[in-house]
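Everything on this sheet refers to the single structure shown next.
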Amino acid sequence: MKVFIVTAAALVVARPACAQTIALKPLAEARLRYEHVDQDGLPQEKADALTVRARAGLTASSGALSASIVGQGTLAIVDHYYDGLNGAPTRPIVADPENVALYIAQLQYKTKAVALTAGRQKIVLDDERFVGNVAFRDNAQTFDAVRAELTPVKGLKLDVAYAWSVRSIWGVQGTRARQQAVSGDNILANLSYTTPIGTMTGFAYLVNQDEAAVQAYRLSSQTYGVRLAGAKALSKAAKLSYQLSYARQSDYHRNPNDYSADYWLADATLDVKGWKLNGGYEVLGADNGRPFTSFQTPLGTNFKFQGWADKFLTTPANGVRDLYVGGGYDWKKWGRLSAITLTASWHRFDSDRLDQHYGNEVDLLATAKVKKTALSVRYAHYDARALATDTNKVWLQADWAI
């Protein structure tokens, strides 16, 4: 019934465009990545994964109407790792299982004032803390959804989506707690307004993880919050960027837990002639210390936050406080390389209750481009204290796209 309604609505929108010229735009991209993990506490402490991911697709557009379809496949060339579904769980996990799947299949009507999208699509909201694409993983995350983005006046935007299925990073083999897709009635609402000091956003995310196998419904939540993100030029050579965010989360739908938890973020970056200095403090709060009564972000791009060693993809029962500082340098060109960046960051992780020091992490990243190929080298070292075990990760990656 949902497919019928979406298709019928799209056809109604499409009728005026039928007589116009149809433009075709192909999509092709590939990724080659080597990931090495050395993690204490496992029978086999090392894992090596060499994977290749390819995507191909086509967008046909006529006036304001377009239709897009993209397929993707992931192949493990070296599979000395546990991918979360296959392989030996005695090894460290590398969450890139082999996969062949339909990545995008959407219809869209788009003008300056309105964008209506229906079908399998990417949804990225704000900094992806609560809703994102998880683009770092080979299979990424998409949504079977209908979405409306309305801009009635300059600076004001309403973004509302209803998603009945979240297509996970686990691909077509996904099962049990790591399913191929998680069904549920998810409402993602975001209202933003541009002010002189930055973009103010109010949001409401009703997340319904309506699958008993996925943590027994305990990831279903309702989250309401506000965010300010802006930048200010301090001089011709210096700029200050900042983010402030607060949210309140509680149980929703079939979640058997009765809880509420707070989220806080304060972040600032000073940019001076290519040099960057960043610092911030992020809190995912806890309630009573029982599992899944802390602030959870099951639809977010969690790899981007709280360190690349992935120790906090699920928030611990006692919550987490992340104090971090970092810096880097960007320059436009060096020989055949362009868009070069070097960054480093340090994190101190503590609990939100019971005063536990979980551990510290150092993350390093170097990126550059050679024509249409993006290259990166990434390293993460987690020094465990009260949570998890010492872990080192190294990534070598090349991305290409037409």
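Just remember, in the structure tokens the first chain shown is A, the second B, etc., residues are 1-based per chain, and ligands are 1-based in the order shown.
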_For segment 356-369 of chain A, find every residue with an atom within 6 Å (counting only C-alpha atoms), except residues of its own chain fewer than 2 positions away, and show them as a PyMOL selection string._
chain A and resi 337-351+354+373-387
Go ahead and save the residues from that selection, with N, CA and C atoms, as an mmCIF file, in the first residue's frame.
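Contents of the output file selection_7.cif:
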```
data_model
loop_
_atom_site.group_PDB
_atom_site.id
_atom_site.type_symbol
_atom_site.label_atom_id
_atom_site.label_comp_id
_atom_site.auth_asym_id
_atom_site.auth_seq_id
_atom_site.Cartn_x
_atom_site.Cartn_y
_atom_site.Cartn_z
ATOM 1 N N LEU A 337 49.376 16.463 -5.829
ATOM 2 C CA LEU A 337 48.341 16.352 -4.805
ATOM 3 C C LEU A 337 47.620 17.684 -4.636
ATOM 4 N N SER A 338 46.309 17.594 -4.366
ATOM 5 C CA SER A 338 45.507 18.782 -4.071
ATOM 6 C C SER A 338 44.605 18.488 -2.880
ATOM 7 N N ALA A 339 43.997 19.542 -2.327
ATOM 8 C CA ALA A 339 43.076 19.420 -1.183
ATOM 9 C C ALA A 339 43.691 18.576 -0.074
ATOM 10 N N ILE A 340 44.880 18.954 0.357
ATOM 11 C CA ILE A 340 45.633 18.171 1.338
ATOM 12 C C ILE A 340 45.248 18.618 2.752
ATOM 13 N N THR A 341 45.021 17.649 3.632
ATOM 14 C CA THR A 341 44.712 17.963 5.026
ATOM 15 C C THR A 341 45.471 17.016 5.951
ATOM 16 N N LEU A 342 45.903 17.549 7.084
ATOM 17 C CA LEU A 342 46.492 16.769 8.167
ATOM 18 C C LEU A 342 45.771 17.159 9.446
ATOM 19 N N THR A 343 45.244 16.187 10.181
ATOM 20 C CA THR A 343 44.529 16.481 11.420
ATOM 21 C C THR A 343 44.916 15.486 12.505
ATOM 22 N N ALA A 344 44.788 15.936 13.753
ATOM 23 C CA ALA A 344 45.020 15.084 14.915
ATOM 24 C C ALA A 344 44.057 15.513 16.015
ATOM 25 N N SER A 345 43.589 14.549 16.804
ATOM 26 C CA SER A 345 42.706 14.873 17.915
ATOM 27 C C SER A 345 42.954 13.923 19.082
ATOM 28 N N TRP A 346 42.625 14.401 20.268
ATOM 29 C CA TRP A 346 42.758 13.621 21.509
ATOM 30 C C TRP A 346 41.442 13.695 22.268
ATOM 31 N N HIS A 347 41.008 12.530 22.786
ATOM 32 C CA HIS A 347 39.747 12.437 23.523
ATOM 33 C C HIS A 347 39.990 11.865 24.916
ATOM 34 N N ARG A 348 39.279 12.408 25.881
ATOM 35 C CA ARG A 348 39.197 11.806 27.215
ATOM 36 C C ARG A 348 37.742 11.411 27.438
ATOM 37 N N PHE A 349 37.519 10.121 27.705
ATOM 38 C CA PHE A 349 36.166 9.595 27.868
ATOM 39 C C PHE A 349 35.908 9.248 29.332
ATOM 40 N N ASP A 350 34.820 9.816 29.869
ATOM 41 C CA ASP A 350 34.389 9.519 31.237
ATOM 42 C C ASP A 350 32.907 9.176 31.225
ATOM 43 N N SER A 351 32.445 8.563 32.286
ATOM 44 C CA SER A 351 31.029 8.245 32.404
ATOM 45 C C SER A 351 30.250 9.476 32.840
ATOM 46 N N LEU A 354 28.660 7.861 38.220
ATOM 47 C CA LEU A 354 29.596 6.985 38.941
ATOM 48 C C LEU A 354 31.059 7.337 38.731
ATOM 49 N N THR A 373 40.598 10.985 -7.742
ATOM 50 C CA THR A 373 40.800 9.976 -6.710
ATOM 51 C C THR A 373 41.141 10.643 -5.379
ATOM 52 N N ALA A 374 40.377 10.293 -4.345
ATOM 53 C CA ALA A 374 40.619 10.796 -2.994
ATOM 54 C C ALA A 374 41.351 9.729 -2.194
ATOM 55 N N LEU A 375 42.461 10.124 -1.574
ATOM 56 C CA LEU A 375 43.288 9.205 -0.803
ATOM 57 C C LEU A 375 43.262 9.600 0.670
ATOM 58 N N SER A 376 43.311 8.600 1.556
ATOM 59 C CA SER A 376 43.355 8.907 2.978
ATOM 60 C C SER A 376 44.096 7.818 3.745
ATOM 61 N N VAL A 377 44.765 8.260 4.803
ATOM 62 C CA VAL A 377 45.406 7.374 5.773
ATOM 63 C C VAL A 377 44.882 7.795 7.141
ATOM 64 N N ARG A 378 44.378 6.823 7.898
ATOM 65 C CA ARG A 378 43.725 7.123 9.166
ATOM 66 C C ARG A 378 44.250 6.157 10.247
ATOM 67 N N TYR A 379 44.387 6.690 11.476
ATOM 68 C CA TYR A 379 44.874 5.864 12.581
ATOM 69 C C TYR A 379 44.120 6.224 13.848
ATOM 70 N N ALA A 380 43.787 5.201 14.646
ATOM 71 C CA ALA A 380 43.129 5.409 15.935
ATOM 72 C C ALA A 380 43.785 4.519 16.986
ATOM 73 N N HIS A 381 44.060 5.091 18.148
ATOM 74 C CA HIS A 381 44.590 4.328 19.278
ATOM 75 C C HIS A 381 43.733 4.608 20.497
ATOM 76 N N TYR A 382 43.078 3.565 21.024
ATOM 77 C CA TYR A 382 42.258 3.677 22.228
ATOM 78 C C TYR A 382 43.010 3.042 23.390
ATOM 79 N N ASP A 383 43.228 3.838 24.425
ATOM 80 C CA ASP A 383 43.922 3.398 25.639
ATOM 81 C C ASP A 383 42.864 3.157 26.711
ATOM 82 N N ALA A 384 42.536 1.888 26.954
ATOM 83 C CA ALA A 384 41.421 1.533 27.829
ATOM 84 C C ALA A 384 41.777 1.706 29.303
ATOM 85 N N ARG A 385 40.795 2.163 30.061
ATOM 86 C CA ARG A 385 40.905 2.225 31.525
ATOM 87 C C ARG A 385 39.766 1.408 32.139
ATOM 88 N N ALA A 386 38.542 1.935 32.132
ATOM 89 C CA ALA A 386 37.423 1.238 32.773
ATOM 90 C C ALA A 386 36.435 0.647 31.763
ATOM 91 N N LEU A 387 36.687 0.805 30.446
ATOM 92 C CA LEU A 387 35.757 0.291 29.452
ATOM 93 C C LEU A 387 36.521 -0.259 28.256
#
```
Excluding Leu240 of chain A and residues on its chain fewer than 3 positions from it, collect all residues at most 6 Å away from it, counting only C-alpha atoms, and give them as a short mmCIF file (atom, residue, chain, number, x, y, z; two decimals) with C-alpha atoms, in the first residue's frame.
```
data_model
loop_
_atom_site.label_atom_id
_atom_site.label_comp_id
_atom_site.auth_asym_id
_atom_site.auth_seq_id
_atom_site.Cartn_x
_atom_site.Cartn_y
_atom_site.Cartn_z
CA ALA A 231 30.72 31.10 12.05
CA LYS A 232 32.19 34.57 12.48
CA THR A 269 37.04 25.70 15.73
CA LEU A 270 39.51 28.51 15.07
#
```
*asked:* Rounded to one decimal, what separation in Å do you get between atom CA of Asp330 of chain A and atom CA of Gln306 of chain A?
replied: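 Value for the atom CA of Asp330 of chain A-atom CA of Gln306 of chain A distance: 22.6 Å.
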*One decimal, Å: what's the distance from atom CA of Val160 of chain A over to atom CA of Leu284 of chain A, could you say?*
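Atom CA of Leu284 of chain A lies 24.5 Å from atom CA of Val160 of chain A.
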*A:Ala212, A:Ala64, A:Leu191, A:Ala95: which is nearest Leu313 of chain A, counting only C-alpha atoms?*
A:Ala95
*Enumerate the residues of segment 18-249 of chain A with a DSSP assignment of helix (DSSP H, G or I), computed from the backbone, and present them as a list of chain:residue names.*
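Everything in segment 18-249 of chain A that counts as helix (DSSP H, G or I) is A:Gly171, A:Val172, A:Gln173, A:Gln215, A:Ala216, A:Tyr217.
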Could the residues in this selection be saved with N, CA and C atoms as a CSV table (one decimal), in the first residue's frame?
```csv
chain,number,residue,atom,x,y,z
A,171,GLY,N,23.8,-5.1,5.2
A,171,GLY,CA,23.5,-5.6,3.9
A,171,GLY,C,22.5,-6.8,3.8
A,172,VAL,N,22.5,-7.5,2.7
A,172,VAL,CA,21.4,-8.4,2.5
A,172,VAL,C,21.6,-9.7,3.3
A,173,GLN,N,22.7,-9.9,3.9
A,173,GLN,CA,22.9,-11.1,4.8
A,173,GLN,C,22.5,-10.7,6.3
A,215,GLN,N,17.7,-5.5,20.1
A,215,GLN,CA,17.7,-5.1,21.5
A,215,GLN,C,16.4,-5.0,22.1
A,216,ALA,N,15.5,-5.9,21.7
A,216,ALA,CA,14.2,-6.1,22.3
A,216,ALA,C,13.4,-4.7,22.4
A,217,TYR,N,13.4,-4.0,21.4
A,217,TYR,CA,12.7,-2.7,21.2
A,217,TYR,C,13.4,-1.5,22.0
```
*Work out how far apart atom CA of Arg120 of chain A and atom CA of Thr201 of chain A are and give it in Å to one decimal.*
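Distance between the two atoms: 25.3 Å.
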*Which residues, written as a ChimeraX atom specification, have at least one atom at most 8 Å from Gly84 of chain A, with only C-alpha atoms counted and residues fewer than 4 positions away on the same chain left out?*
/A:89,93-95,97,170,178
_When you count only C-alpha atoms, which of these residues is closest to Phe143 of chain A: A:Asp185, A:Asp126, A:Glu29, A:Asp271?_
A:Asp185
*Nearest-residue call for Lys332 of chain A, choices A:Gln108, A:Arg290, A:Gly274, A:Asn99, using only C-alpha atoms*: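 Closest to Lys332 of chain A, using only C-alpha atoms: A:Gly274.
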*Extract the full set of strand (DSSP E or B) residues from segment 72-285 of chain A according to DSSP on the backbone, and format it as a ChimeraX atom specification.*
/A:72-80,82,93,99-110,114-121,142-150,156-167,175,178,181-195,198-207,221-233,238-251,260-272,275-284
_Calculated over only C-alpha atoms, which of the candidates A:Val146, A:Ala237, A:Leu125, A:Ala88 has the smallest distance to Tyr109 of chain A?_
A:Val146
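Nearest residue to Thr389 of chain A, choosing from A:Lys311, A:Lys333, A:Lys371, A:Lys112 and counting only C-alpha atoms: A:Lys311.
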*Would you kindly return, as a list in words, each protein, DNA or RNA residue with an atom no farther than 10 Å from any atom of Ala140 of chain A, considering only C-alpha atoms and excluding same-chain residues fewer than 3 positions away?*
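Final neighbour list, sorted by chain and number: Asp96, Tyr103, Lys122, Gly132, Asn133, Val134, Ala135, Phe136, Arg137, Arg167, Ser168, Ile169, Trp170, Gly171 and Thr301 of chain A.
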Mind writing the picked residues with N, CA and C atoms as a short mmCIF file (atom, residue, chain, number, x, y, z; two decimals), in the first residue's frame?
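Generated output (selection_13.cif):
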```cif
data_model
loop_
_atom_site.label_atom_id
_atom_site.label_comp_id
_atom_site.auth_asym_id
_atom_site.auth_seq_id
_atom_site.Cartn_x
_atom_site.Cartn_y
_atom_site.Cartn_z
N ASP A 96 32.13 -4.41 7.53
CA ASP A 96 31.96 -4.28 6.08
C ASP A 96 31.71 -5.66 5.47
N TYR A 103 20.89 0.41 -3.51
CA TYR A 103 21.29 1.46 -2.56
C TYR A 103 20.32 2.63 -2.57
N LYS A 122 19.00 8.69 0.81
CA LYS A 122 19.88 9.14 1.89
C LYS A 122 19.19 10.28 2.63
N GLY A 132 21.86 10.12 9.95
CA GLY A 132 22.91 10.24 8.96
C GLY A 132 22.98 9.04 8.03
N ASN A 133 24.00 9.07 7.16
CA ASN A 133 24.16 8.09 6.09
C ASN A 133 25.20 7.03 6.42
N VAL A 134 25.99 7.22 7.49
CA VAL A 134 27.06 6.29 7.88
C VAL A 134 27.95 5.99 6.66
N ALA A 135 28.35 7.04 5.96
CA ALA A 135 29.04 6.88 4.68
C ALA A 135 30.41 6.24 4.81
N PHE A 136 31.01 6.24 5.99
CA PHE A 136 32.33 5.63 6.13
C PHE A 136 32.29 4.13 5.91
N ARG A 137 31.23 3.48 6.33
CA ARG A 137 31.11 2.04 6.12
C ARG A 137 30.77 1.77 4.66
N ARG A 167 17.53 0.91 6.16
CA ARG A 167 18.39 -0.09 5.52
C ARG A 167 19.78 0.00 6.14
N SER A 168 20.20 -1.04 6.83
CA SER A 168 21.38 -0.96 7.68
C SER A 168 22.67 -1.22 6.91
N ILE A 169 23.79 -1.05 7.61
CA ILE A 169 25.11 -1.29 7.04
C ILE A 169 25.41 -2.77 6.89
N TRP A 170 24.53 -3.65 7.40
CA TRP A 170 24.82 -5.09 7.40
C TRP A 170 24.46 -5.76 6.10
N GLY A 171 23.76 -5.08 5.21
CA GLY A 171 23.51 -5.61 3.87
C GLY A 171 22.52 -6.75 3.84
N THR A 301 25.35 8.91 12.32
CA THR A 301 26.64 8.49 11.78
C THR A 301 27.62 8.51 12.94
#
```
